[in-house]
file coords30.pdb (PDB, C-alpha atoms)
ATOM      1  CA  ILE A 189     137.071  22.412  61.335  1.00  0.00           C
ATOM      2  CA  ASN A 190     136.901  20.519  58.060  1.00  0.00           C
ATOM      3  CA  ALA A 191     137.925  22.277  54.848  1.00  0.00           C
ATOM      4  CA  GLU A 192     134.453  21.765  53.334  1.00  0.00           C
ATOM      5  CA  TYR A 193     132.904  23.867  56.111  1.00  0.00           C
ATOM      6  CA  MET A 194     135.459  26.676  55.829  1.00  0.00           C
ATOM      7  CA  GLY A 195     133.556  28.281  52.946  1.00  0.00           C
ATOM      8  CA  ASN A 196     130.208  28.064  54.729  1.00  0.00           C
ATOM      9  CA  ILE A 197     130.436  30.865  57.308  1.00  0.00           C
ATOM     10  CA  ASN A 198     126.770  30.378  58.276  1.00  0.00           C
ATOM     11  CA  TYR A 199     127.670  26.991  59.723  1.00  0.00           C
ATOM     12  CA  LEU A 200     130.071  28.620  62.157  1.00  0.00           C
ATOM     13  CA  ILE A 201     127.718  31.461  63.100  1.00  0.00           C
ATOM     14  CA  SER A 202     124.624  29.353  63.737  1.00  0.00           C
ATOM     15  CA  MET A 203     126.008  27.301  66.611  1.00  0.00           C
ATOM     16  CA  VAL A 204     123.401  25.549  68.732  1.00  0.00           C
ATOM     17  CA  LYS A 205     122.382  27.500  71.821  1.00  0.00           C
ATOM     18  CA  PHE A 206     122.036  24.974  74.623  1.00  0.00           C
ATOM     19  CA  LEU A 207     122.277  27.403  77.560  1.00  0.00           C
ATOM     20  CA  LYS A 208     118.586  28.185  77.526  1.00  0.00           C
ATOM     21  CA  TYR A 209     115.631  28.076  79.893  1.00  0.00           C
ATOM     22  CA  GLY A 210     115.348  24.970  82.054  1.00  0.00           C
ATOM     23  CA  ARG A 211     118.911  23.684  81.666  1.00  0.00           C
ATOM     24  CA  VAL A 212     120.393  22.465  84.956  1.00  0.00           C
ATOM     25  CA  CYS A 213     123.939  23.728  85.406  1.00  0.00           C
ATOM     26  CA  VAL A 214     126.671  23.757  88.032  1.00  0.00           C
ATOM     27  CA  LEU A 215     128.069  27.115  89.111  1.00  0.00           C
ATOM     28  CA  LEU A 216     131.859  27.276  89.094  1.00  0.00           C
ATOM     29  CA  ASN A 217     132.700  30.584  90.781  1.00  0.00           C
ATOM     30  CA  GLY A 218     131.673  32.671  93.743  1.00  0.00           C
ATOM     31  CA  ARG A 219     129.686  31.949  96.856  1.00  0.00           C
ATOM     32  CA  GLN A 220     127.561  29.263  95.212  1.00  0.00           C
ATOM     33  CA  ALA A 221     130.463  27.448  93.519  1.00  0.00           C
ATOM     34  CA  GLY A 222     129.605  23.770  93.182  1.00  0.00           C
ATOM     35  CA  LYS A 223     125.871  24.386  93.599  1.00  0.00           C
ATOM     36  CA  LYS A 224     123.287  23.366  91.016  1.00  0.00           C
ATOM     37  CA  ALA A 225     121.058  25.946  89.387  1.00  0.00           C
ATOM     38  CA  VAL A 226     118.495  26.207  86.606  1.00  0.00           C
ATOM     39  CA  ILE A 227     118.904  28.787  83.859  1.00  0.00           C
ATOM     40  CA  VAL A 228     115.853  31.066  83.830  1.00  0.00           C
ATOM     41  CA  LYS A 229     117.034  33.542  81.205  1.00  0.00           C
ATOM     42  CA  SER A 230     120.188  33.585  79.111  1.00  0.00           C
ATOM     43  CA  VAL A 231     121.610  36.709  77.443  1.00  0.00           C
ATOM     44  CA  GLU A 232     124.468  35.765  75.135  1.00  0.00           C
ATOM     45  CA  GLU A 233     125.270  39.227  73.752  1.00  0.00           C
ATOM     46  CA  GLY A 234     125.273  41.178  77.008  1.00  0.00           C
ATOM     47  CA  THR A 235     123.240  44.239  78.005  1.00  0.00           C
ATOM     48  CA  LYS A 236     123.924  47.849  78.930  1.00  0.00           C
ATOM     49  CA  ASP A 237     124.295  46.944  82.609  1.00  0.00           C
ATOM     50  CA  ARG A 238     126.242  43.717  82.080  1.00  0.00           C
ATOM     51  CA  LYS A 239     128.416  43.909  78.974  1.00  0.00           C
ATOM     52  CA  TYR A 240     129.268  40.207  79.086  1.00  0.00           C
ATOM     53  CA  PRO A 241     127.237  37.081  78.273  1.00  0.00           C
ATOM     54  CA  HIS A 242     125.270  36.196  81.395  1.00  0.00           C
ATOM     55  CA  ALA A 243     122.312  34.237  82.691  1.00  0.00           C
ATOM     56  CA  LEU A 244     119.715  34.648  85.397  1.00  0.00           C
ATOM     57  CA  VAL A 245     119.808  31.437  87.432  1.00  0.00           C
ATOM     58  CA  ALA A 246     117.778  30.019  90.307  1.00  0.00           C
ATOM     59  CA  GLY A 247     119.268  27.271  92.411  1.00  0.00           C
ATOM     60  CA  LEU A 248     119.570  25.568  95.756  1.00  0.00           C
ATOM     61  CA  GLU A 249     121.890  27.083  98.320  1.00  0.00           C
ATOM     62  CA  ARG A 250     120.962  24.420 100.856  1.00  0.00           C
ATOM     63  CA  GLY A 251     119.163  21.216  99.963  1.00  0.00           C
ATOM     64  CA  ALA A 252     117.076  18.800 102.006  1.00  0.00           C
ATOM     65  CA  ARG A 253     118.620  16.496 104.575  1.00  0.00           C
ATOM     66  CA  LYS A 254     118.271  12.743 104.884  1.00  0.00           C
ATOM     67  CA  VAL A 255     114.852  11.455 105.929  1.00  0.00           C
ATOM     68  CA  THR A 256     114.121   8.005 107.358  1.00  0.00           C
ATOM     69  CA  ARG A 257     110.866   6.138 107.748  1.00  0.00           C
ATOM     70  CA  ARG A 258     110.687   6.330 111.542  1.00  0.00           C
ATOM     71  CA  MET A 259     110.883  10.144 111.653  1.00  0.00           C
ATOM     72  CA  SER A 260     107.743  12.056 112.597  1.00  0.00           C
ATOM     73  CA  LYS A 261     105.902  14.194 110.041  1.00  0.00           C
ATOM     74  CA  LYS A 262     107.001  17.346 111.840  1.00  0.00           C
ATOM     75  CA  LYS A 263     110.653  16.302 111.681  1.00  0.00           C
ATOM     76  CA  ILE A 264     110.325  15.363 108.005  1.00  0.00           C
ATOM     77  CA  GLN A 265     108.840  18.810 107.237  1.00  0.00           C
ATOM     78  CA  LYS A 266     111.749  20.443 109.061  1.00  0.00           C
ATOM     79  CA  ARG A 267     114.411  18.346 107.325  1.00  0.00           C
ATOM     80  CA  THR A 268     112.959  18.905 103.850  1.00  0.00           C
ATOM     81  CA  ASN A 269     113.318  22.688 104.063  1.00  0.00           C
ATOM     82  CA  LEU A 270     115.228  24.155 101.128  1.00  0.00           C
ATOM     83  CA  LYS A 271     117.032  27.461 100.732  1.00  0.00           C
ATOM     84  CA  PRO A 272     117.018  28.831  97.179  1.00  0.00           C
ATOM     85  CA  PHE A 273     119.130  31.544  95.595  1.00  0.00           C
ATOM     86  CA  VAL A 274     118.617  33.726  92.538  1.00  0.00           C
ATOM     87  CA  LYS A 275     121.456  35.593  90.839  1.00  0.00           C
ATOM     88  CA  PHE A 276     123.013  36.756  87.597  1.00  0.00           C
ATOM     89  CA  VAL A 277     126.033  34.697  86.545  1.00  0.00           C
ATOM     90  CA  ASN A 278     128.656  35.145  83.847  1.00  0.00           C
ATOM     91  CA  LEU A 279     128.308  32.309  81.326  1.00  0.00           C
ATOM     92  CA  ASN A 280     132.033  31.560  81.707  1.00  0.00           C
ATOM     93  CA  HIS A 281     131.282  30.456  85.269  1.00  0.00           C
ATOM     94  CA  VAL A 282     128.501  28.005  84.351  1.00  0.00           C
ATOM     95  CA  MET A 283     128.941  24.326  83.501  1.00  0.00           C
ATOM     96  CA  PRO A 284     125.820  22.906  81.822  1.00  0.00           C
ATOM     97  CA  THR A 285     124.660  19.372  82.504  1.00  0.00           C
ATOM     98  CA  ARG A 286     122.612  17.045  80.334  1.00  0.00           C
ATOM     99  CA  TYR A 287     119.564  17.558  82.547  1.00  0.00           C
ATOM    100  CA  SER A 288     116.749  20.056  82.039  1.00  0.00           C
ATOM    101  CA  VAL A 289     113.687  20.759  84.207  1.00  0.00           C
ATOM    102  CA  THR A 290     111.403  22.818  81.983  1.00  0.00           C
ATOM    103  CA  GLY A 291     107.965  21.375  82.713  1.00  0.00           C
ATOM    104  CA  GLU A 292     108.495  20.531  86.375  1.00  0.00           C
ATOM    105  CA  VAL A 293     108.636  23.952  88.073  1.00  0.00           C
ATOM    106  CA  ASP A 294     107.607  27.146  86.276  1.00  0.00           C
ATOM    107  CA  PHE A 295     110.687  29.230  87.066  1.00  0.00           C
ATOM    108  CA  LYS A 296     109.781  31.955  84.548  1.00  0.00           C
ATOM    109  CA  ALA A 297     106.559  32.757  86.411  1.00  0.00           C
ATOM    110  CA  ILE A 298     108.401  33.144  89.733  1.00  0.00           C
ATOM    111  CA  VAL A 299     111.825  34.549  88.789  1.00  0.00           C
ATOM    112  CA  SER A 300     112.172  37.652  86.606  1.00  0.00           C
ATOM    113  CA  GLU A 301     114.722  40.390  85.953  1.00  0.00           C
ATOM    114  CA  ASP A 302     112.510  43.270  87.100  1.00  0.00           C
ATOM    115  CA  ARG A 303     111.987  41.593  90.498  1.00  0.00           C
ATOM    116  CA  MET A 304     115.752  41.339  90.930  1.00  0.00           C
ATOM    117  CA  ALA A 305     116.091  45.141  90.933  1.00  0.00           C
ATOM    118  CA  GLN A 306     114.470  45.866  94.328  1.00  0.00           C
ATOM    119  CA  ALA A 307     115.512  44.080  97.530  1.00  0.00           C
ATOM    120  CA  ASP A 308     111.980  43.623  98.916  1.00  0.00           C
ATOM    121  CA  LYS A 309     110.708  42.096  95.650  1.00  0.00           C
ATOM    122  CA  ARG A 310     113.772  39.859  95.494  1.00  0.00           C
ATOM    123  CA  ALA A 311     113.101  38.558  99.031  1.00  0.00           C
ATOM    124  CA  GLU A 312     109.437  37.937  98.162  1.00  0.00           C
ATOM    125  CA  MET A 313     110.501  36.145  94.971  1.00  0.00           C
ATOM    126  CA  LYS A 314     112.855  33.873  96.921  1.00  0.00           C
ATOM    127  CA  LYS A 315     110.056  32.998  99.378  1.00  0.00           C
ATOM    128  CA  THR A 316     107.665  31.985  96.597  1.00  0.00           C
ATOM    129  CA  LEU A 317     110.468  30.031  94.901  1.00  0.00           C
ATOM    130  CA  LYS A 318     111.224  28.280  98.197  1.00  0.00           C
ATOM    131  CA  LEU A 319     107.584  27.246  98.639  1.00  0.00           C
ATOM    132  CA  ALA A 320     107.318  26.018  95.042  1.00  0.00           C
ATOM    133  CA  LEU A 321     110.545  23.995  95.234  1.00  0.00           C
ATOM    134  CA  GLN A 322     109.676  22.501  98.640  1.00  0.00           C
ATOM    135  CA  GLU A 323     106.247  21.477  97.430  1.00  0.00           C
ATOM    136  CA  LYS A 324     107.784  19.876  94.319  1.00  0.00           C
ATOM    137  CA  TYR A 325     110.461  18.100  96.384  1.00  0.00           C
ATOM    138  CA  ARG A 326     108.035  16.734  98.962  1.00  0.00           C
ATOM    139  CA  ASN A 327     105.610  15.440  96.302  1.00  0.00           C
ATOM    140  CA  MET A 328     108.203  14.134  93.851  1.00  0.00           C
ATOM    141  CA  PRO A 329     106.981  11.005  92.036  1.00  0.00           C
ATOM    142  CA  ILE A 330     109.174   7.925  91.735  1.00  0.00           C
ATOM    143  CA  ALA A 331     111.036   7.728  88.414  1.00  0.00           C
ATOM    144  CA  LYS A 332     109.855   4.829  86.258  1.00  0.00           C
ATOM    145  CA  SER A 333     112.926   4.788  83.992  1.00  0.00           C
ATOM    146  CA  ALA A 334     116.246   6.549  83.533  1.00  0.00           C
ATOM    147  CA  HIS A 335     114.794   8.597  80.659  1.00  0.00           C
ATOM    148  CA  ASP A 336     111.893   9.869  82.756  1.00  0.00           C
ATOM    149  CA  LYS A 337     111.854  13.641  83.380  1.00  0.00           C
ATOM    150  CA  THR A 338     111.439  13.083  87.127  1.00  0.00           C
ATOM    151  CA  SER A 339     115.021  11.755  87.196  1.00  0.00           C
ATOM    152  CA  HIS A 340     116.104  15.189  85.926  1.00  0.00           C
ATOM    153  CA  LEU A 341     114.321  16.837  88.847  1.00  0.00           C
ATOM    154  CA  LYS A 342     115.803  14.272  91.245  1.00  0.00           C
ATOM    155  CA  PHE A 343     119.290  15.174  89.958  1.00  0.00           C
ATOM    156  CA  PHE A 344     118.598  18.873  90.558  1.00  0.00           C
ATOM    157  CA  PHE A 345     117.612  18.294  94.190  1.00  0.00           C
ATOM    158  CA  LYS A 346     120.430  15.861  94.940  1.00  0.00           C
ATOM    159  CA  LYS A 347     123.603  17.232  96.539  1.00  0.00           C
ATOM    160  CA  LEU A 348     126.593  17.304  94.201  1.00  0.00           C
ATOM    161  CA  ARG A 349     129.298  14.943  95.418  1.00  0.00           C
ATOM    162  CA  PHE A 350     132.837  15.702  94.340  1.00  0.00           C
TER     163      PHE A 350
END

call {"tool": "encode", "arguments": {"input": "coords30.pdb", "output": "structure tokens"}}
result
Amino acid sequence: INAEYMGNINYLISMVKFLKYGRVCVLLNGRQAGKKAVIVKSVEEGTKDRKYPHALVAGLERGARKVTRRMSKKKIQKRTNLKPFVKFVNLNHVMPTRYSVTGEVDFKAIVSEDRMAQADKRAEMKKTLKLALQEKYRNMPIAKSAHDKTSHLKFFFKKLRF
């Protein structure tokens, strides 16, 4: 840090919060390590239940498989099935990417903290999320340029190769 900023403590405190709603991130730990997810809600101070900075994320546990032109419609429907997951993640175990999918799928309407509390509501939430993501994936428009928001959605659905 430069000496001129040392006196201005507000500069250090007001760091930019980029782990907010819609940011695509890669999970680094646990069962979904290496999977992409979208941050639905970020809590940077912690709560009574979770005393650490965490985020509610929704992502793809299993993405769509390769589809070719000669496949039947039934086979294409079967191969474009997705399996989503929803979980709370420590912010230390999240690597943000430059992509964000805020306007594409309304995650906030589907995923919420109060639905995560009960198992039956969580299962229902995952089903609605699955239908919404599948519908978005199957009707994804072709990106016109690299700066187009559809390329952000395409990145989210694409399997991470490493």

call {"tool": "resolve_selection", "arguments": {"input": "coords30.pdb", "expression": "the PyMOL selection byres ((chain A and resi 278) around 9)", "output": "PyMOL selection string"}}
result
chain A and resi 240-243+276-277+279-282

call {"tool": "closest_residue", "arguments": {"input": "coords30.pdb", "among": "A:Tyr287, A:Tyr209, A:Phe343, A:Phe273", "to": "Lys318 (chain A)", "atoms": "all atoms listed in the file"}}
result
A:Phe273

call {"tool": "closest_residue", "arguments": {"input": "coords30.pdb", "among": "A:Met328, A:Ala246, A:Ala225, A:Ala252", "to": "Ile298 (chain A)", "atoms": "all atoms listed in the file"}}
result
A:Ala246

call {"tool": "residues_around", "arguments": {"input": "coords30.pdb", "residues": "region 302-306 of chain A", "least_positions_apart": "6", "cutoff": "9 Å", "atoms": "only C-alpha atoms", "output": "JSON, numbers by chain"}}
result
{"A": [274, 275, 312, 313]}

call {"tool": "closest_residue", "arguments": {"input": "coords30.pdb", "among": "A:Pro284, A:Pro329, A:Pro272, A:Gly291", "to": "Arg250 (chain A)", "atoms": "all atoms listed in the file"}}
result
A:Pro272

call {"tool": "resolve_selection", "arguments": {"input": "coords30.pdb", "expression": "the PyMOL selection byres ((chain A and resi 288) around 10)", "output": "PyMOL selection string"}}
result
chain A and resi 208-213+226-227+284-287+289-292+337+339-341+343-344

call {"tool": "atom_distance", "arguments": {"input": "coords30.pdb", "atom1": "CA of Asp308 (chain A)", "atom2": "CA of Leu244 (chain A)"}}
result
18.0 Å

call {"tool": "residues_around", "arguments": {"input": "coords30.pdb", "residues": "Glu323 (chain A)", "least_positions_apart": "6", "cutoff": "10 Å", "atoms": "all atoms listed in the file", "output": "PyMOL selection string"}}
result
chain A and resi 268-269+293+317

call {"tool": "atom_distance", "arguments": {"input": "coords30.pdb", "atom1": "CA of Phe295 (chain A)", "atom2": "CA of Val228 (chain A)"}}
result
6.4 Å

call {"tool": "atom_distance", "arguments": {"input": "coords30.pdb", "atom1": "CA of Ala297 (chain A)", "atom2": "CA of Ala320 (chain A)"}}
result
11.0 Å

call {"tool": "resolve_selection", "arguments": {"input": "coords30.pdb", "expression": "the PyMOL selection byres ((chain A and resi 267) around 9)", "output": "PyMOL selection string"}}
result
chain A and resi 252-255+262-266+268-270

call {"tool": "closest_residue", "arguments": {"input": "coords30.pdb", "among": "A:Lys324, A:Arg349, A:Lys296, A:Lys229", "to": "Val214 (chain A)", "atoms": "only C-alpha atoms"}}
result
A:Arg349

call {"tool": "closest_residue", "arguments": {"input": "coords30.pdb", "among": "A:Arg326, A:Lys309, A:Lys236, A:Lys315", "to": "Phe345 (chain A)", "atoms": "only C-alpha atoms"}}
result
A:Arg326

call {"tool": "residues_around", "arguments": {"input": "coords30.pdb", "residues": "Lys223 (chain A)", "least_positions_apart": "2", "cutoff": "7 Å", "atoms": "all atoms listed in the file", "output": "mmCIF file with C-alpha atoms, keeping the file's coordinate frame"}}
result
data_model
loop_
_atom_site.group_PDB
_atom_site.id
_atom_site.type_symbol
_atom_site.label_atom_id
_atom_site.label_comp_id
_atom_site.auth_asym_id
_atom_site.auth_seq_id
_atom_site.Cartn_x
_atom_site.Cartn_y
_atom_site.Cartn_z
ATOM 1 C CA VAL A 214 126.671 23.757 88.032
ATOM 2 C CA LEU A 215 128.069 27.115 89.111
ATOM 3 C CA GLN A 220 127.561 29.263 95.212
ATOM 4 C CA ALA A 221 130.463 27.448 93.519
ATOM 5 C CA ALA A 225 121.058 25.946 89.387
ATOM 6 C CA LEU A 248 119.570 25.568 95.756
ATOM 7 C CA GLU A 249 121.890 27.083 98.320
#

call {"tool": "closest_residue", "arguments": {"input": "coords30.pdb", "among": "A:Leu348, A:Leu216, A:Gly251, A:Lys271", "to": "Thr316 (chain A)", "atoms": "all atoms listed in the file"}}
result
A:Lys271

call {"tool": "build_atoms", "arguments": {"input": "coords30.pdb", "residues": "region 238-254 of chain A", "atoms": "N, CA, C and O atoms", "output": "short mmCIF file (atom, residue, chain, number, x, y, z; two decimals), in the frame of the given file"}}
result
data_model
loop_
_atom_site.label_atom_id
_atom_site.label_comp_id
_atom_site.auth_asym_id
_atom_site.auth_seq_id
_atom_site.Cartn_x
_atom_site.Cartn_y
_atom_site.Cartn_z
N ARG A 238 125.24 44.78 82.07
CA ARG A 238 126.24 43.72 82.08
C ARG A 238 126.70 43.50 80.65
O ARG A 238 125.99 42.91 79.85
N LYS A 239 127.91 43.92 80.35
CA LYS A 239 128.42 43.91 78.97
C LYS A 239 129.04 42.56 78.61
O LYS A 239 129.82 42.48 77.67
N TYR A 240 128.73 41.54 79.33
CA TYR A 240 129.27 40.21 79.09
C TYR A 240 128.10 39.21 78.98
O TYR A 240 127.01 39.48 79.45
N PRO A 241 128.32 38.08 78.34
CA PRO A 241 127.24 37.08 78.27
C PRO A 241 126.92 36.56 79.68
O PRO A 241 127.83 36.17 80.41
N HIS A 242 125.65 36.58 80.04
CA HIS A 242 125.27 36.20 81.40
C HIS A 242 123.92 35.48 81.39
O HIS A 242 123.25 35.44 80.36
N ALA A 243 123.58 34.94 82.54
CA ALA A 243 122.31 34.24 82.69
C ALA A 243 121.74 34.52 84.07
O ALA A 243 122.48 34.70 85.04
N LEU A 244 120.42 34.57 84.13
CA LEU A 244 119.72 34.65 85.40
C LEU A 244 119.43 33.21 85.81
O LEU A 244 118.80 32.46 85.07
N VAL A 245 119.95 32.81 86.98
CA VAL A 245 119.81 31.44 87.43
C VAL A 245 119.11 31.38 88.79
O VAL A 245 119.21 32.32 89.58
N ALA A 246 118.41 30.29 89.02
CA ALA A 246 117.78 30.02 90.31
C ALA A 246 118.23 28.63 90.74
O ALA A 246 118.14 27.68 89.96
N GLY A 247 118.73 28.55 91.96
CA GLY A 247 119.27 27.27 92.41
C GLY A 247 119.06 27.02 93.88
O GLY A 247 118.37 27.78 94.57
N LEU A 248 119.69 25.96 94.36
CA LEU A 248 119.57 25.57 95.76
C LEU A 248 120.85 25.88 96.50
O LEU A 248 121.91 25.32 96.20
N GLU A 249 120.75 26.78 97.47
CA GLU A 249 121.89 27.08 98.32
C GLU A 249 122.06 25.97 99.35
O GLU A 249 123.16 25.57 99.67
N ARG A 250 120.93 25.51 99.88
CA ARG A 250 120.96 24.42 100.86
C ARG A 250 119.82 23.46 100.54
O ARG A 250 118.66 23.85 100.49
N GLY A 251 120.16 22.21 100.32
CA GLY A 251 119.16 21.22 99.96
C GLY A 251 118.56 20.54 101.18
O GLY A 251 118.86 20.89 102.33
N ALA A 252 117.73 19.54 100.94
CA ALA A 252 117.08 18.80 102.01
C ALA A 252 118.05 17.80 102.62
O ALA A 252 119.00 17.37 101.97
N ARG A 253 117.79 17.47 103.89
CA ARG A 253 118.62 16.50 104.58
C ARG A 253 117.98 15.11 104.51
O ARG A 253 116.86 14.96 104.06
N LYS A 254 118.72 14.12 104.97
CA LYS A 254 118.27 12.74 104.88
C LYS A 254 117.04 12.52 105.76
O LYS A 254 116.97 13.01 106.88
#
